[in-house]
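Participant: Please see the structure below; I have some questions.
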Amino acid sequence: MSIARQARLMLRGHRYGAPTLSKKFNGHPFSSITPYLADHDGSLLILISALAEHTKNIVLDSRVSLITHDQRDPLIQAQGRVTMVGNARQENDREQAGQRYLRYFPEAAAYFGMHDFSFYRIVPVAIRYIGGFGKIHWIDMESYAVAQAGLFAQQEAALLAELNVQRRDILRQMLRQQHEVEALDVQAIGVDCDGLDVHCDGKTWRLDFPEVAHSPSLILAT
């Protein structure tokens, strides 16, 4: 597996982060936590209030640096982590962004309905991946990019309908194999070229494909 894909999988498998540059303190780094969703192309989608300090910082200076890490590993220095350096811009298509985001964060529905909450997209310009001791890399951004992102975005709803109606046995099998979780009611909430996200028993689980799916049709062919 490429280093770029390892970094992308870690970002897809985690859900929070977001330091910015402080407006109040003359550009000093300002760390905060906000949920994020890794979109099909590897950019990160966040829903934030105009009243939040990090939103004020982004409006003044779009540069951000977000870090996420493997929260399951108790060895802090040995655990995998990814730092994304990027620019945050307001997302124009609020409805489309909301459809995908709210599948992952249904508790954010109330915020989505408020006029002062907006989606921002963090577009990466550089990524630092640490897979543990001695596994430290700056990611080649061409390798990180997802050429088929548009296709998956267009066909995701149809893929989810097929998976949740006709392929739930496959979802249960993948959940069992990758996480040793037995579940009857499994719901796919997202699918991208790298894997699936499923919800069961009040928790979201990431199910990675063994390799990149270069076409949405390949997922249903397995």
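Residues are named by chain letter and number: chains run A, B, ... in the order of the structure tokens, numbers start at 1 in each chain, and ligands are numbered from 1 in the order shown.
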Run DSSP on the backbone and tell me which residues of stretch 7-215 of chain A come out as strand (DSSP E or B); list them as JSON, numbers by chain.
Facilitator: {"A": [16, 17, 20, 21, 29, 30, 34, 35, 37, 38, 44, 45, 46, 47, 48, 49, 63, 64, 65, 66, 67, 68, 69, 81, 82, 83, 84, 85, 86, 87, 88, 89, 90, 117, 118, 119, 120, 121, 122, 123, 124, 125, 126, 127, 128, 129, 130, 131, 132, 135, 136, 137, 138, 187, 188, 189, 190, 191, 192, 195, 196, 197, 198, 199, 200, 203, 204, 205, 206, 207, 208]}
Participant: Can you check which residues of chain A DSSP gives as alpha helix (DSSP H) on the backbone and send them as an mmCIF file with C-alpha atoms, in the first residue's frame?
Facilitator:
data_model
loop_
_atom_site.group_PDB
_atom_site.id
_atom_site.type_symbol
_atom_site.label_atom_id
_atom_site.label_comp_id
_atom_site.auth_asym_id
_atom_site.auth_seq_id
_atom_site.Cartn_x
_atom_site.Cartn_y
_atom_site.Cartn_z
ATOM 1 C CA ILE A 3 2.247 5.945 1.796
ATOM 2 C CA ALA A 4 -0.201 8.421 0.242
ATOM 3 C CA ARG A 5 -3.058 5.943 0.603
ATOM 4 C CA GLN A 6 -2.086 5.155 4.197
ATOM 5 C CA ALA A 7 -2.352 8.867 4.986
ATOM 6 C CA ARG A 8 -5.685 9.148 3.186
ATOM 7 C CA LEU A 9 -7.073 6.132 5.045
ATOM 8 C CA MET A 10 -6.123 7.630 8.388
ATOM 9 C CA LEU A 11 -7.863 10.892 7.545
ATOM 10 C CA ARG A 12 -10.949 9.002 6.382
ATOM 11 C CA GLY A 13 -10.997 6.873 9.509
ATOM 12 C CA GLU A 53 -13.163 31.613 17.112
ATOM 13 C CA HIS A 54 -11.756 29.275 14.464
ATOM 14 C CA THR A 55 -14.252 30.626 11.881
ATOM 15 C CA LYS A 56 -13.160 34.199 12.573
ATOM 16 C CA ASN A 57 -9.565 33.062 12.094
ATOM 17 C CA ILE A 58 -10.350 31.362 8.774
ATOM 18 C CA VAL A 59 -12.168 34.416 7.431
ATOM 19 C CA LEU A 60 -9.104 36.537 8.173
ATOM 20 C CA ARG A 94 -24.562 23.779 1.049
ATOM 21 C CA GLU A 95 -27.308 21.256 0.264
ATOM 22 C CA GLN A 96 -25.046 18.714 -1.402
ATOM 23 C CA ALA A 97 -22.436 19.026 1.325
ATOM 24 C CA GLY A 98 -25.159 18.663 3.941
ATOM 25 C CA GLN A 99 -26.534 15.435 2.499
ATOM 26 C CA ARG A 100 -23.228 13.626 2.957
ATOM 27 C CA TYR A 101 -22.121 15.350 6.156
ATOM 28 C CA LEU A 102 -25.370 14.661 8.018
ATOM 29 C CA ARG A 103 -25.184 10.942 7.275
ATOM 30 C CA TYR A 104 -21.989 10.929 9.336
ATOM 31 C CA ALA A 109 -28.899 18.605 11.887
ATOM 32 C CA ALA A 110 -29.882 21.408 14.272
ATOM 33 C CA TYR A 111 -26.697 23.338 13.441
ATOM 34 C CA PHE A 112 -27.266 22.789 9.718
ATOM 35 C CA MET A 141 0.303 15.306 -3.417
ATOM 36 C CA GLU A 142 -0.194 13.860 -6.907
ATOM 37 C CA SER A 143 -0.315 10.405 -5.328
ATOM 38 C CA TYR A 144 -2.743 11.632 -2.667
ATOM 39 C CA ALA A 149 -13.539 11.301 -6.884
ATOM 40 C CA GLY A 150 -16.193 12.840 -9.152
ATOM 41 C CA LEU A 151 -17.574 9.460 -10.182
ATOM 42 C CA PHE A 152 -17.919 8.303 -6.586
ATOM 43 C CA ALA A 153 -19.583 11.570 -5.581
ATOM 44 C CA GLN A 154 -22.141 11.213 -8.390
ATOM 45 C CA GLN A 155 -22.900 7.549 -7.752
ATOM 46 C CA GLU A 156 -22.602 7.341 -3.961
ATOM 47 C CA ALA A 157 -26.348 7.521 -3.276
ATOM 48 C CA ALA A 158 -27.069 4.675 -5.715
ATOM 49 C CA LEU A 159 -24.214 2.610 -4.290
ATOM 50 C CA LEU A 160 -25.491 3.062 -0.743
ATOM 51 C CA ALA A 161 -29.013 2.053 -1.766
ATOM 52 C CA GLU A 162 -27.685 -1.131 -3.371
ATOM 53 C CA LEU A 163 -25.421 -1.971 -0.442
ATOM 54 C CA ASN A 164 -28.120 -1.420 2.160
ATOM 55 C CA VAL A 165 -30.803 -3.358 0.325
ATOM 56 C CA GLN A 166 -28.972 -6.170 -1.462
ATOM 57 C CA ARG A 168 -25.956 -6.243 3.873
ATOM 58 C CA ASP A 169 -24.485 -9.698 4.259
ATOM 59 C CA ILE A 170 -21.253 -8.393 2.732
ATOM 60 C CA LEU A 171 -21.267 -5.425 5.114
ATOM 61 C CA ARG A 172 -21.678 -7.762 8.090
ATOM 62 C CA GLN A 173 -18.883 -9.992 6.817
ATOM 63 C CA MET A 174 -16.479 -7.051 6.347
ATOM 64 C CA LEU A 175 -17.334 -5.729 9.817
ATOM 65 C CA ARG A 176 -16.645 -9.143 11.300
ATOM 66 C CA GLN A 177 -13.360 -9.596 9.442
ATOM 67 C CA GLN A 178 -11.900 -6.125 10.043
ATOM 68 C CA HIS A 179 -13.192 -5.346 13.528
ATOM 69 C CA PRO A 216 -17.768 2.565 -8.454
ATOM 70 C CA SER A 217 -18.918 -0.456 -10.466
ATOM 71 C CA LEU A 218 -16.056 -2.528 -9.059
ATOM 72 C CA ILE A 219 -17.551 -2.317 -5.554
ATOM 73 C CA LEU A 220 -20.779 -4.050 -6.543
ATOM 74 C CA ALA A 221 -18.893 -6.574 -8.670
#
Participant: List the spatial neighbours of A:Ser118 as a ChimeraX atom specification - criterion: any atom at most 9 Å away, only C-alpha atoms, same-chain residues fewer than 6 positions off excluded.
Facilitator: /A:46-50,90-91,94,112
Participant: Go ahead and save the residues from that selection, with N, CA and C atoms, as a CSV table (one decimal), in the first residue's frame.
Facilitator:
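Full text of selection_37.csv as output:
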chain,number,residue,atom,x,y,z
A,46,ILE,N,-15.9,20.7,6.9
A,46,ILE,CA,-16.3,21.1,8.3
A,46,ILE,C,-17.5,22.0,8.3
A,47,LEU,N,-18.3,21.9,9.3
A,47,LEU,CA,-19.5,22.7,9.5
A,47,LEU,C,-19.3,23.6,10.8
A,48,ILE,N,-19.1,24.9,10.6
A,48,ILE,CA,-18.7,25.8,11.7
A,48,ILE,C,-19.6,27.0,11.7
A,49,SER,N,-19.7,27.6,13.0
A,49,SER,CA,-20.5,28.8,13.2
A,49,SER,C,-19.7,30.0,13.0
A,50,ALA,N,-20.4,31.1,12.5
A,50,ALA,CA,-19.7,32.3,12.3
A,50,ALA,C,-19.2,32.9,13.6
A,90,GLN,N,-15.0,28.6,1.9
A,90,GLN,CA,-16.4,28.3,2.1
A,90,GLN,C,-17.0,27.5,1.0
A,91,GLU,N,-17.8,26.5,1.4
A,91,GLU,CA,-18.4,25.6,0.4
A,91,GLU,C,-19.7,26.2,-0.1
A,94,ARG,N,-24.2,24.1,-0.3
A,94,ARG,CA,-24.6,23.8,1.0
A,94,ARG,C,-25.4,22.5,1.1
A,112,PHE,N,-27.1,22.6,11.2
A,112,PHE,CA,-27.3,22.8,9.7
A,112,PHE,C,-28.4,23.7,9.4
Participant: Go through A:His214, A:His199, A:His14, A:Arg81 and flag the residue nearest A:Leu44, using only C-alpha atoms for the distances.
Facilitator: A:His14
Participant: Using only C-alpha atoms for the distances, tell me which of A:Ser65, A:Asn92, A:Asn87, A:Thr204 is nearest to A:Thr20.
Facilitator: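 For A:Thr20, the nearest of the candidates is A:Ser65.
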Participant: When you draw a straight line from atom CA of A:Lys135 to atom CA of A:Thr68, how long is it in Å?
Facilitator: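 According to the coordinates, atom CA of A:Lys135 and atom CA of A:Thr68 are separated by 16.1 Å.
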Participant: For A:Val125, list every protein, DNA or RNA residue within 12 Å, evaluated using only C-alpha atoms, and leave out those in the same chain fewer than 5 positions away; present the list as a ChimeraX atom specification.
Facilitator: /A:42-43,63-66,83-88,138-142,144-145
Participant: Please, what distance in Å, to one decimal, runs between atom CA of A:Asp201 and atom CA of A:Val186?
Facilitator: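 Interatomic distance, atom CA of A:Asp201 to atom CA of A:Val186: 8.2 Å.
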Participant: Can you tell me how far atom CA of A:Asp208 sits from atom CA of A:Gly190, in Å to one decimal?
Facilitator: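 Interatomic distance here is 11.7 Å.
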Participant: Could you give me, as a list of chain:residue names, the residues within 8 Å of A:Arg89, counting only C-alpha atoms and dropping anything in the same chain fewer than 2 positions from it?
Facilitator: A:Ser62, A:Asn87, A:Glu91, A:Tyr120, A:Arg121, A:Ile122, A:Val123
Participant: Could you write out the selected residues, including N, CA and C atoms, as a compact mmCIF listing (two decimals), in the first residue's frame?
Facilitator:
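Dumped everything to again11.txt:
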# COMPACT_ATOMS: atom_id res chain seq x y z
N SER A 62 -7.01 32.12 5.55
CA SER A 62 -7.56 30.80 5.20
C SER A 62 -6.62 29.65 5.50
N ASN A 87 -5.75 25.12 2.88
CA ASN A 87 -6.51 26.37 2.86
C ASN A 87 -7.98 26.06 2.99
N GLU A 91 -17.76 26.47 1.37
CA GLU A 91 -18.35 25.58 0.38
C GLU A 91 -19.66 26.18 -0.13
N TYR A 120 -17.20 24.71 5.34
CA TYR A 120 -15.90 25.10 4.78
C TYR A 120 -15.17 23.83 4.36
N ARG A 121 -14.44 23.94 3.27
CA ARG A 121 -13.67 22.82 2.75
C ARG A 121 -12.18 23.13 2.92
N ILE A 122 -11.47 22.23 3.58
CA ILE A 122 -10.02 22.38 3.72
C ILE A 122 -9.35 21.64 2.57
N VAL A 123 -8.75 22.40 1.68
CA VAL A 123 -8.08 21.83 0.50
C VAL A 123 -6.60 21.68 0.84
